[in-house]
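Next comes structure13.cif, with mmCIF, C-alpha atoms.
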data_run
#
loop_
_atom_site.label_atom_id
_atom_site.label_comp_id
_atom_site.auth_asym_id
_atom_site.auth_seq_id
_atom_site.Cartn_x
_atom_site.Cartn_y
_atom_site.Cartn_z
CA MET S 5 -56.20 35.09 -76.97
CA ARG S 6 -56.80 31.66 -75.56
CA LEU S 7 -53.86 30.21 -77.58
CA VAL S 8 -51.42 32.83 -76.25
CA THR S 9 -52.50 32.24 -72.70
CA ALA S 10 -52.07 28.48 -73.05
CA ARG S 11 -48.58 28.93 -74.48
CA ARG S 12 -47.55 31.27 -71.69
CA LEU S 13 -48.88 28.85 -69.09
CA ALA S 14 -46.93 25.95 -70.60
CA SER S 15 -43.77 28.03 -70.67
CA ALA S 16 -44.20 29.05 -67.02
CA CYS S 17 -44.76 25.46 -65.96
CA GLY S 18 -41.61 24.37 -67.83
CA LEU S 19 -39.52 27.01 -66.08
CA ALA S 20 -40.92 25.96 -62.72
CA LEU S 21 -40.07 22.31 -63.30
CA ALA S 22 -36.56 23.23 -64.41
CA ALA S 23 -36.08 25.31 -61.28
CA VAL S 24 -37.21 22.42 -59.09
CA ALA S 25 -34.80 20.06 -60.86
CA ILE S 26 -31.90 22.50 -60.55
CA GLY S 27 -32.71 23.09 -56.87
CA ALA S 28 -32.76 19.38 -56.24
CA VAL S 29 -29.32 18.98 -57.76
CA ILE S 30 -27.83 22.00 -56.01
CA GLY S 31 -29.41 21.18 -52.64
CA ARG S 32 -28.28 17.53 -52.67
CA PRO S 33 -25.46 16.86 -50.03
CA LEU S 34 -22.04 16.21 -51.49
CA THR S 35 -20.73 12.70 -51.04
CA GLY S 36 -17.02 13.65 -51.07
CA SER S 37 -14.87 13.85 -47.84
CA ALA S 38 -13.67 16.95 -45.93
CA ALA S 39 -11.34 17.44 -42.94
CA SER S 40 -13.23 17.29 -39.59
CA ALA S 41 -13.02 20.28 -37.24
CA ALA S 42 -10.56 19.67 -34.37
CA ALA S 43 -9.21 22.10 -31.78
CA PRO S 44 -5.60 21.58 -30.66
CA SER S 45 -4.92 18.79 -28.15
CA ASN S 46 -1.77 18.60 -26.02
CA THR S 47 0.36 15.47 -26.23
CA ALA S 48 3.44 16.69 -24.29
CA THR S 49 3.24 19.44 -21.67
CA PRO S 50 5.24 22.65 -21.99
CA THR S 51 8.62 22.85 -20.25
CA ILE S 52 10.64 25.64 -18.67
CA SER S 53 14.38 25.99 -19.22
CA GLY S 54 16.77 28.22 -17.32
CA THR S 55 17.79 28.70 -13.68
CA PRO S 56 15.01 30.04 -11.41
CA GLN S 57 17.15 32.74 -9.85
CA GLU S 58 16.48 36.43 -9.44
CA ASN S 59 17.25 38.38 -12.67
CA ALA S 60 17.69 35.15 -14.65
CA LYS S 61 15.65 34.52 -17.80
CA LEU S 62 13.38 31.50 -18.10
CA THR S 63 12.15 30.19 -21.45
CA ALA S 64 8.97 28.23 -22.09
CA SER S 65 8.60 25.61 -24.79
CA THR S 66 5.19 25.21 -26.40
CA GLY S 67 5.00 21.49 -25.71
CA THR S 68 3.61 19.20 -28.39
CA TRP S 69 0.12 19.50 -29.89
CA THR S 70 -2.15 17.90 -32.43
CA GLY S 71 -4.43 19.98 -34.63
CA SER S 72 -1.66 22.13 -36.17
CA PRO S 73 -1.98 25.21 -33.93
CA THR S 74 -1.54 28.53 -35.72
CA SER S 75 -0.66 30.55 -32.62
CA TYR S 76 0.42 30.16 -29.01
CA ALA S 77 -0.20 32.35 -25.95
CA TYR S 78 1.69 32.23 -22.65
CA GLY S 79 0.75 32.94 -19.04
CA TRP S 80 3.30 32.72 -16.21
CA SER S 81 2.20 31.94 -12.64
CA ARG S 82 3.81 32.26 -9.21
CA CYS S 83 3.19 29.23 -6.93
CA ASP S 84 4.04 27.91 -3.48
CA PRO S 85 7.31 25.90 -3.11
CA ASN S 86 5.48 22.68 -4.09
CA GLY S 87 4.06 24.20 -7.26
CA ASP S 88 0.54 24.53 -5.83
CA ALA S 89 -1.68 27.56 -5.04
CA CYS S 90 -0.57 29.37 -8.20
CA ALA S 91 -1.52 32.94 -9.14
CA ALA S 92 -1.06 34.57 -12.55
CA ILE S 93 1.75 37.15 -12.79
CA ALA S 94 0.45 40.39 -14.26
CA GLY S 95 1.94 41.17 -17.67
CA ALA S 96 3.92 37.89 -17.88
CA THR S 97 2.54 36.70 -21.22
CA GLY S 98 5.62 36.06 -23.34
CA SER S 99 7.52 32.88 -24.05
CA THR S 100 10.33 34.16 -21.80
CA TYR S 101 10.19 35.54 -18.28
CA THR S 102 12.78 37.26 -16.11
CA VAL S 103 12.65 36.14 -12.49
CA GLN S 104 11.69 39.01 -10.16
CA SER S 105 12.49 39.61 -6.51
CA ALA S 106 8.83 38.82 -5.73
CA ASP S 107 9.38 35.34 -7.12
CA VAL S 108 12.11 34.46 -4.58
CA GLY S 109 10.85 31.60 -2.39
CA HIS S 110 8.24 30.55 -4.98
CA ALA S 111 8.07 28.02 -7.80
CA LEU S 112 7.02 29.19 -11.28
CA ARG S 113 4.83 27.56 -13.92
CA VAL S 114 3.79 28.53 -17.42
CA THR S 115 0.49 27.81 -19.16
CA VAL S 116 0.55 27.61 -22.96
CA THR S 117 -2.67 28.07 -24.94
CA ALA S 118 -2.63 26.70 -28.48
CA THR S 119 -5.13 28.01 -31.03
CA ASN S 120 -6.24 27.01 -34.52
CA ALA S 121 -9.28 27.82 -36.62
CA ASP S 122 -11.38 25.28 -34.72
CA GLY S 123 -10.67 26.39 -31.16
CA ALA S 124 -8.10 26.63 -28.37
CA ALA S 125 -6.73 24.44 -25.56
CA SER S 126 -4.30 25.00 -22.68
CA SER S 127 -1.61 22.96 -20.90
CA THR S 128 0.51 23.87 -17.86
CA SER S 129 4.15 22.98 -17.24
CA ALA S 130 5.57 21.29 -14.16
CA PRO S 131 6.81 23.76 -11.52
CA THR S 132 10.36 25.04 -11.49
CA ALA S 133 12.57 24.71 -8.44
CA VAL S 134 12.00 27.44 -5.87
CA ALA S 135 13.33 30.75 -7.17
CA SER S 136 16.36 32.05 -5.25
CA ASN S 137 18.18 35.31 -4.62
CA ALA S 138 20.80 36.19 -7.18
CA ALA S 139 23.68 35.34 -4.87
CA ALA S 140 22.08 32.55 -2.85
CA PRO S 141 22.32 28.89 -3.89
CA ALA S 142 20.19 27.97 -6.88
CA SER S 143 18.81 24.50 -7.60
CA THR S 144 19.96 23.06 -10.91
CA GLN S 145 18.57 19.58 -10.26
CA ALA S 146 15.74 18.84 -7.84
CA PRO S 147 16.23 16.61 -4.79
CA THR S 148 15.20 12.98 -5.18
CA ILE S 149 13.83 10.32 -2.84
CA SER S 150 14.90 6.68 -2.86
CA GLY S 151 13.58 3.70 -0.95
CA THR S 152 10.53 1.44 -0.81
CA THR S 153 7.26 3.26 -0.21
CA GLN S 154 5.91 0.81 2.34
CA VAL S 155 5.17 1.39 6.02
CA CYS S 156 8.21 0.57 8.21
CA SER S 157 10.62 1.14 5.29
CA ALA S 158 13.08 4.06 5.24
CA LEU S 159 13.26 6.74 2.56
CA THR S 160 16.44 8.68 1.79
CA ALA S 161 16.69 12.15 0.26
CA THR S 162 19.47 13.35 -2.01
CA ASN S 163 20.39 17.03 -2.00
CA GLY S 164 19.97 17.48 -5.73
CA SER S 165 22.41 19.81 -7.51
CA TRP S 166 23.01 23.46 -6.68
CA SER S 167 24.97 26.45 -7.86
CA GLY S 168 26.39 28.92 -5.36
CA SER S 169 28.47 26.35 -3.44
CA PRO S 170 26.10 25.66 -0.53
CA THR S 171 27.81 25.13 2.83
CA LYS S 172 24.96 23.22 4.48
CA TYR S 173 21.64 21.57 3.76
CA ALA S 174 18.45 21.21 5.78
CA TYR S 175 15.54 18.82 5.17
CA GLN S 176 11.81 18.87 5.73
CA TRP S 177 9.60 15.91 4.85
CA SER S 178 5.96 16.53 3.94
CA ARG S 179 2.94 14.26 3.72
CA CYS S 180 0.77 14.90 0.63
CA ASP S 181 -2.37 13.55 -1.00
CA GLN S 182 -2.15 10.82 -3.61
CA THR S 183 -1.46 13.32 -6.38
CA GLY S 184 1.42 14.94 -4.49
CA SER S 185 -0.59 18.07 -3.64
CA ASN S 186 -1.98 19.51 -0.38
CA CYS S 187 1.26 18.78 1.46
CA ALA S 188 1.84 19.35 5.18
CA GLY S 189 5.18 19.24 6.94
CA ILE S 190 5.76 16.26 9.23
CA SER S 191 6.79 17.28 12.73
CA GLU S 192 10.43 16.46 13.56
CA ALA S 193 10.98 14.85 10.13
CA THR S 194 14.04 16.99 9.44
CA ALA S 195 16.78 14.46 8.63
CA SER S 196 17.92 13.19 5.25
CA THR S 197 16.18 9.89 5.99
CA TYR S 198 12.62 9.21 7.07
CA LYS S 199 11.03 5.98 8.31
CA LEU S 200 7.49 5.51 7.06
CA VAL S 201 4.81 5.00 9.71
CA GLN S 202 1.23 3.75 9.50
CA VAL S 203 -0.26 7.23 9.16
CA ASP S 204 1.67 7.60 5.88
CA ALA S 205 -0.24 4.71 4.27
CA GLY S 206 -2.32 5.96 1.34
CA ALA S 207 -0.35 9.23 1.07
CA THR S 208 2.67 10.39 -0.93
CA LEU S 209 5.72 12.14 0.47
CA ARG S 210 7.94 14.96 -0.70
CA VAL S 211 11.14 16.34 0.76
CA THR S 212 12.19 19.97 0.65
CA VAL S 213 15.93 20.56 0.76
CA THR S 214 17.16 23.99 1.82
CA ALA S 215 20.68 24.87 0.67
CA THR S 216 22.54 27.68 2.44
CA ASN S 217 25.64 29.72 1.72
CA GLY S 218 26.94 33.03 3.02
CA ALA S 219 24.49 35.01 0.86
CA GLY S 220 21.31 33.22 1.86
CA SER S 221 19.22 30.10 1.60
CA THR S 222 17.12 28.53 -1.14
CA SER S 223 14.73 25.58 -1.05
CA ALA S 224 13.83 22.97 -3.65
CA ALA S 225 11.18 20.26 -3.35
CA SER S 226 11.35 16.74 -4.77
CA VAL S 227 8.64 15.20 -6.87
CA PRO S 228 6.20 13.12 -4.82
CA THR S 229 6.85 9.48 -4.08
CA ALA S 230 4.53 6.70 -5.12
CA VAL S 231 1.57 6.15 -2.80
CA VAL S 232 2.75 4.55 0.46
CA GLN S 233 1.47 1.01 0.97
CA SER S 234 0.63 -0.71 4.24
CA PRO S 235 2.96 -3.58 5.14
CA PRO S 236 1.81 -7.10 4.34
CA PRO S 237 0.00 -8.76 7.25
CA THR S 238 2.19 -10.64 9.72
CA VAL S 239 -0.71 -12.75 11.01
CA VAL S 240 -3.35 -14.52 8.92
CA ASN S 241 -6.20 -16.38 10.60
CA GLY S 242 -4.33 -16.36 13.89
CA CYS S 243 -1.11 -17.80 12.43
CA PRO S 244 2.17 -16.23 11.30
CA ALA S 245 1.82 -15.16 7.68
CA SER S 246 5.24 -16.53 6.76
CA GLY S 247 7.75 -19.09 7.90
CA THR S 248 7.82 -22.85 8.35
CA GLY S 249 8.66 -25.25 11.14
CA THR S 250 8.14 -24.59 14.83
CA VAL S 251 5.79 -21.77 15.81
CA GLN S 252 5.88 -20.12 19.23
CA ILE S 253 2.70 -20.31 21.28
CA ALA S 254 2.74 -16.50 21.64
CA ASP S 255 2.42 -16.22 17.83
CA VAL S 256 -0.76 -18.31 17.67
CA GLY S 257 -4.11 -16.65 18.28
CA SER S 258 -7.79 -16.94 17.50
CA PRO S 259 -9.31 -18.14 15.21
CA ALA S 260 -6.48 -20.70 15.01
CA ARG S 261 -6.76 -23.66 17.41
CA LEU S 262 -4.25 -25.97 19.00
CA VAL S 263 -4.37 -29.62 17.97
CA ILE S 264 -3.10 -32.69 19.82
CA ASP S 265 -2.24 -34.79 16.80
CA ARG S 266 -0.01 -37.50 18.27
CA THR S 267 0.08 -39.45 21.56
CA SER S 268 2.04 -42.39 22.88
CA LEU S 269 2.25 -44.21 26.23
CA SER S 270 5.10 -46.06 27.83
CA PRO S 271 4.64 -48.87 28.52
CA GLY S 272 2.42 -49.39 25.52
CA ILE S 273 0.00 -51.63 27.46
CA VAL S 274 -1.09 -50.68 30.97
CA THR S 275 -0.81 -53.54 33.48
CA PRO S 276 -1.00 -53.77 37.28
CA ASN S 277 2.81 -53.81 37.26
CA ALA S 278 2.95 -50.44 35.52
CA ARG S 279 3.58 -48.43 38.67
CA THR S 280 4.46 -45.38 36.57
CA ILE S 281 3.43 -44.55 33.05
CA GLN S 282 4.75 -41.84 30.76
CA LEU S 283 2.57 -40.04 28.25
CA ARG S 284 3.98 -38.09 25.29
CA ALA S 285 1.71 -35.76 23.31
CA ARG S 286 2.47 -33.52 20.35
CA VAL S 287 0.74 -30.16 19.94
CA THR S 288 0.49 -28.47 16.52
CA ALA S 289 -1.31 -25.53 14.93
CA CYS S 290 -1.31 -23.53 11.70
CA ASN S 291 -1.45 -26.45 9.25
CA GLY S 292 0.56 -28.92 11.29
CA ARG S 293 3.42 -26.74 12.54
CA PRO S 294 4.81 -27.89 15.94
CA VAL S 295 3.95 -25.47 18.74
CA GLN S 296 6.56 -24.60 21.35
CA GLY S 297 5.46 -23.31 24.75
CA ALA S 298 1.96 -24.83 24.95
CA LEU S 299 0.83 -26.35 28.26
CA VAL S 300 -0.39 -29.98 28.25
CA TYR S 301 -2.61 -31.41 30.99
CA ALA S 302 -3.41 -35.12 31.39
CA THR S 303 -5.50 -37.19 33.79
CA GLY S 304 -6.95 -40.67 33.81
CA VAL S 305 -10.69 -41.25 33.64
CA PRO S 306 -11.90 -42.18 36.25
CA TYR S 307 -9.57 -39.88 38.10
CA ASN S 308 -8.20 -42.07 40.89
CA GLN S 309 -6.31 -44.60 38.77
CA TYR S 310 -3.11 -42.58 38.31
CA THR S 311 -1.84 -39.32 39.74
CA VAL S 312 -2.53 -36.02 37.99
CA PRO S 313 0.84 -34.43 37.14
CA PRO S 314 1.46 -30.68 36.67
CA GLU S 315 0.97 -29.27 33.18
CA ALA S 316 3.96 -29.94 30.92
CA THR S 317 5.39 -27.46 28.39
CA THR S 318 5.90 -28.45 24.76
CA GLY S 319 9.38 -28.15 23.25
CA ALA S 320 10.57 -27.12 19.82
CA ASP S 321 9.25 -30.41 18.40
CA GLY S 322 5.81 -29.73 19.87
CA MET S 323 6.16 -32.66 22.29
CA ALA S 324 5.34 -32.64 26.01
CA THR S 325 5.95 -35.50 28.45
CA VAL S 326 4.02 -36.21 31.66
CA THR S 327 4.68 -38.98 34.19
CA MET S 328 1.89 -40.50 36.25
CA SER S 329 2.05 -42.87 39.23
CA GLN S 330 -0.42 -45.67 39.84
CA LEU S 331 -3.06 -45.21 42.54
CA SER S 332 -5.30 -47.65 44.36
CA GLY S 333 -8.14 -47.00 41.95
CA PHE S 334 -6.44 -48.96 39.15
CA PRO S 335 -7.88 -51.04 37.68
CA ALA S 336 -11.22 -49.29 37.61
CA ALA S 337 -13.00 -52.57 36.82
CA ARG S 338 -12.10 -56.27 37.05
CA ARG S 339 -12.43 -56.67 33.30
CA GLN S 340 -11.02 -53.26 32.31
CA GLU S 341 -9.67 -53.32 28.76
CA LEU S 342 -8.92 -49.65 28.16
CA PHE S 343 -7.27 -46.89 30.15
CA VAL S 344 -8.90 -43.60 29.12
CA MET S 345 -7.14 -40.28 29.50
CA PHE S 346 -8.41 -36.73 29.22
CA LEU S 347 -5.87 -34.38 27.55
CA ARG S 348 -5.88 -30.61 27.20
CA ALA S 349 -3.46 -28.24 25.45
CA ARG S 350 -3.67 -24.50 25.99
CA LYS S 351 -1.89 -21.18 25.62
CA PRO S 352 -0.45 -20.06 28.99
CA SER S 353 -2.09 -16.64 28.75
CA ASP S 354 -5.54 -18.03 27.88
CA PRO S 355 -8.25 -19.13 30.33
CA VAL S 356 -8.05 -22.83 31.20
CA THR S 357 -11.08 -23.72 29.08
CA GLY S 358 -11.04 -20.82 26.61
CA GLY S 359 -8.90 -19.18 23.96
CA ILE S 360 -7.26 -21.50 21.46
CA SER S 361 -7.19 -24.52 23.77
CA THR S 362 -8.10 -28.04 22.65
CA ARG S 363 -9.34 -31.09 24.54
CA LEU S 364 -9.11 -34.76 23.66
CA LEU S 365 -9.99 -38.22 25.06
CA VAL S 366 -7.51 -40.98 24.21
CA SER S 367 -7.38 -44.61 25.31
CA PHE S 368 -4.68 -47.24 25.70
CA HIS S 369 -4.93 -51.02 26.07
CA VAL S 370 -5.06 -52.59 29.51
CA ALA S 371 -3.94 -56.17 30.27
CA LEU S 372 -4.89 -57.34 33.78
CA ARG S 373 -3.52 -60.86 33.32
#

Rewritten as structure tokens:
Amino acid sequence: MRLVTARRLASACGLALAAVAIGAVIGRPLTGSAASAAAPSNTATPTISGTPQENAKLTASTGTWTGSPTSYAYGWSRCDPNGDACAAIAGATGSTYTVQSADVGHALRVTVTATNADGAASSTSAPTAVASNAAAPASTQAPTISGTTQVCSALTATNGSWSGSPTKYAYQWSRCDQTGSNCAGISEATASTYKLVQVDAGATLRVTVTATNGAGSTSAASVPTAVVQSPPPTVVNGCPASGTGTVQIADVGSPARLVIDRTSLSPGIVTPNARTIQLRARVTACNGRPVQGALVYATGVPYNQYTVPPEATTGADGMATVTMSQLSGFPAARRQELFVMFLRARKPSDPVTGGISTRLLVSFHVALR
């Protein structure tokens, strides 16, 4: 009895060990490779072909997808003329769609949903032109906008191409957000050209062209422009941002300052016989550019040696000339060696001692013998 029991126990233990070994082999992860799960991903959006005109048939392409979709579903939407504020059209779920009377005055879009075993993804087409009545003009090519998208530049709209032989065209420019959505018509911007203003900076623009013939009117909107840029600055640090040579005093402002960078006196040495003397001073600003139209003031120090002439105006070379007549106070001392002058240059519209003015003391040799 004991022998049989021992044999049965050994046999049971062997079976258990075999089961554990088999389970270990079966349960071990495979080291081979398998395709990873991937839902479709769109690489080129769907498109719509056909003329968006009442009773006409439109056809949607699927676009291009990765993930090898096994099926496609379609959903057509009716939108505003810019292709925004879209609403699904009940029952419009095929790859083709016949334009209805309710679509007239609206743009249409189609959303394609691609499906494979791993999931589904959707992509929406660009909007069509605005759908038209059967006999009214129909857009076959959307209007376009040309020109530089910078404040103060002018944009020009083309009509695009139309069927139905339109007899006239009307224009309405709209200001949109940076993506070309949320557009609002610009008051009085109803010509084929539009000059950009500062409020347009940071926005995009679209133009809606309305074509008319005897049967009715149809509108088509352009794609949005690039984002409008502000113009480059015309003044940098108080100086004209461009140009060389002479600068007008009216074009110089704070924080720039005037500079008296050159002086000369005739005669070169002041003597008792110099009954009149003539001072020439050059005024510059903005990295040495001559300033035209600055006012230059000059007086001797002490003040009673020569007369104080009226302020002189600088010319295109930046030079101003003042003439002074000798007074009884010259010489100021029996051994005077220098004749000192106080000079000031200023902008006519600035306060005498403020703004961009500059002041300078200069001296010239004196010979009393």

Quiz item: If the PyMOL selection byres ((chain S and resi 271-286) around 9) is run on the structure shown, which residues does it catch, given as a PyMOL selection string?
Solution: chain S and resi 263-270+287-288+294-295+300+302+310+318+321-331+334-335+342-343+347+368-373

Practice problem: Find the residues near Val116 of chain S: any atom within 10 Å, counting only C-alpha atoms, skip ones fewer than 6 places away on the same chain, and give them as a VMD selection string. | Solution: chain S and resid 46 49 to 51 64 to 67 76 to 80 97 to 99 125 to 129

Exercise. Convert the output of the PyMOL selection byres ((chain S and resi 173) around 12) on the shown file into explicit residues, formatted as a PyMOL selection string.
Key: chain S and resi 141+147+161-166+169-172+174-176+194-196+212-217+220-224

Self-check item: Hits from the PyMOL selection byres ((chain S and resi 90) around 9), listed as a VMD selection string
Solution: chain S and resid 81 to 84 87 to 89 91 to 92 111 to 113

Just to be explicit: take each residue in the selection above, keep C-alpha atoms, and write the result as a PDB file, in the frame of the given file.
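Everything below was put into selection.pdb:
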ATOM      1  CA  SER S  81       2.200  31.940 -12.640  1.00  0.00           C
ATOM      2  CA  ARG S  82       3.810  32.260  -9.210  1.00  0.00           C
ATOM      3  CA  CYS S  83       3.190  29.230  -6.930  1.00  0.00           C
ATOM      4  CA  ASP S  84       4.040  27.910  -3.480  1.00  0.00           C
ATOM      5  CA  GLY S  87       4.060  24.200  -7.260  1.00  0.00           C
ATOM      6  CA  ASP S  88       0.540  24.530  -5.830  1.00  0.00           C
ATOM      7  CA  ALA S  89      -1.680  27.560  -5.040  1.00  0.00           C
ATOM      8  CA  ALA S  91      -1.520  32.940  -9.140  1.00  0.00           C
ATOM      9  CA  ALA S  92      -1.060  34.570 -12.550  1.00  0.00           C
ATOM     10  CA  ALA S 111       8.070  28.020  -7.800  1.00  0.00           C
ATOM     11  CA  LEU S 112       7.020  29.190 -11.280  1.00  0.00           C
ATOM     12  CA  ARG S 113       4.830  27.560 -13.920  1.00  0.00           C
TER      13      ARG S 113
END

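Between atom CA of Thr68 of chain S and atom CA of Ser45 of chain S the interatomic distance comes to 8.5 Å.
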
Quiz prompt | Atomic separation - atom CA of Gln145 of chain S relative to atom CA of Leu159 of chain S, Å | solution =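 Atom-to-atom, atom CA of Leu159 of chain S and atom CA of Gln145 of chain S are spaced 18.9 Å apart.
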
Quiz item: How far is it from atom CA of Ile149 of chain S to atom CA of Pro235 of chain S, in Å with one decimal?
Solution: 19.4 Å

Quiz item: With all atoms listed in the file as the atoms that count, which of S:Pro355, S:Gly292, S:Pro236, S:Pro314 lies nearest to Gly249 of chain S?
Solution: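 Distance minimum relative to Gly249 of chain S lands on S:Gly292.
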
Quiz item: Counting only C-alpha atoms, which of S:Cys290, S:Val108, S:Val231, S:Ala41 gets nearest to Thr248 of chain S?
Solution: S:Cys290

For N, CA and C atoms, please extract segment 230-249 of chain S from the block and return it as a compact mmCIF listing (two decimals), in the first residue's frame.
# COMPACT_ATOMS: atom_id res chain seq x y z
N ALA S 230 -2.29 87.25 -46.67
CA ALA S 230 -1.37 87.07 -45.54
C ALA S 230 -1.70 88.11 -44.48
N VAL S 231 -1.20 87.91 -43.28
CA VAL S 231 -1.45 88.85 -42.19
C VAL S 231 -0.82 90.20 -42.54
N VAL S 232 -1.59 91.27 -42.36
CA VAL S 232 -1.12 92.62 -42.70
C VAL S 232 -0.08 93.08 -41.68
N GLN S 233 1.02 93.61 -42.18
CA GLN S 233 2.12 94.07 -41.33
C GLN S 233 2.09 95.59 -41.19
N SER S 234 2.52 96.07 -40.04
CA SER S 234 2.68 97.52 -39.87
C SER S 234 3.84 98.00 -40.73
N PRO S 235 3.81 99.26 -41.16
CA PRO S 235 4.92 99.76 -41.97
C PRO S 235 6.18 99.89 -41.13
N PRO S 236 7.35 99.83 -41.75
CA PRO S 236 8.58 100.02 -40.98
C PRO S 236 8.60 101.42 -40.39
N PRO S 237 9.25 101.61 -39.25
CA PRO S 237 9.26 102.94 -38.63
C PRO S 237 9.96 103.96 -39.52
N THR S 238 9.43 105.18 -39.53
CA THR S 238 10.06 106.26 -40.29
C THR S 238 11.02 107.06 -39.44
N VAL S 239 10.90 106.92 -38.12
CA VAL S 239 11.78 107.64 -37.19
C VAL S 239 12.34 106.65 -36.19
N VAL S 240 13.65 106.69 -35.98
CA VAL S 240 14.32 105.84 -35.00
C VAL S 240 15.18 106.73 -34.11
N ASN S 241 14.92 106.70 -32.83
CA ASN S 241 15.68 107.51 -31.86
C ASN S 241 15.69 108.98 -32.23
N GLY S 242 14.56 109.45 -32.76
CA GLY S 242 14.43 110.87 -33.07
C GLY S 242 14.98 111.27 -34.41
N CYS S 243 15.47 110.30 -35.19
CA CYS S 243 16.07 110.60 -36.50
C CYS S 243 15.33 109.86 -37.60
N PRO S 244 15.37 110.38 -38.84
CA PRO S 244 14.78 109.64 -39.95
C PRO S 244 15.39 108.25 -40.06
N ALA S 245 14.53 107.24 -40.28
CA ALA S 245 15.01 105.86 -40.30
C ALA S 245 15.82 105.55 -41.56
N SER S 246 15.68 106.37 -42.59
CA SER S 246 16.40 106.12 -43.83
C SER S 246 16.91 107.43 -44.39
N GLY S 247 17.74 107.32 -45.41
CA GLY S 247 18.27 108.50 -46.07
C GLY S 247 19.65 108.87 -45.58
N THR S 248 20.31 109.71 -46.37
CA THR S 248 21.64 110.22 -46.03
C THR S 248 21.66 111.71 -46.36
N GLY S 249 22.76 112.36 -45.97
CA GLY S 249 22.90 113.77 -46.30
C GLY S 249 22.07 114.65 -45.38
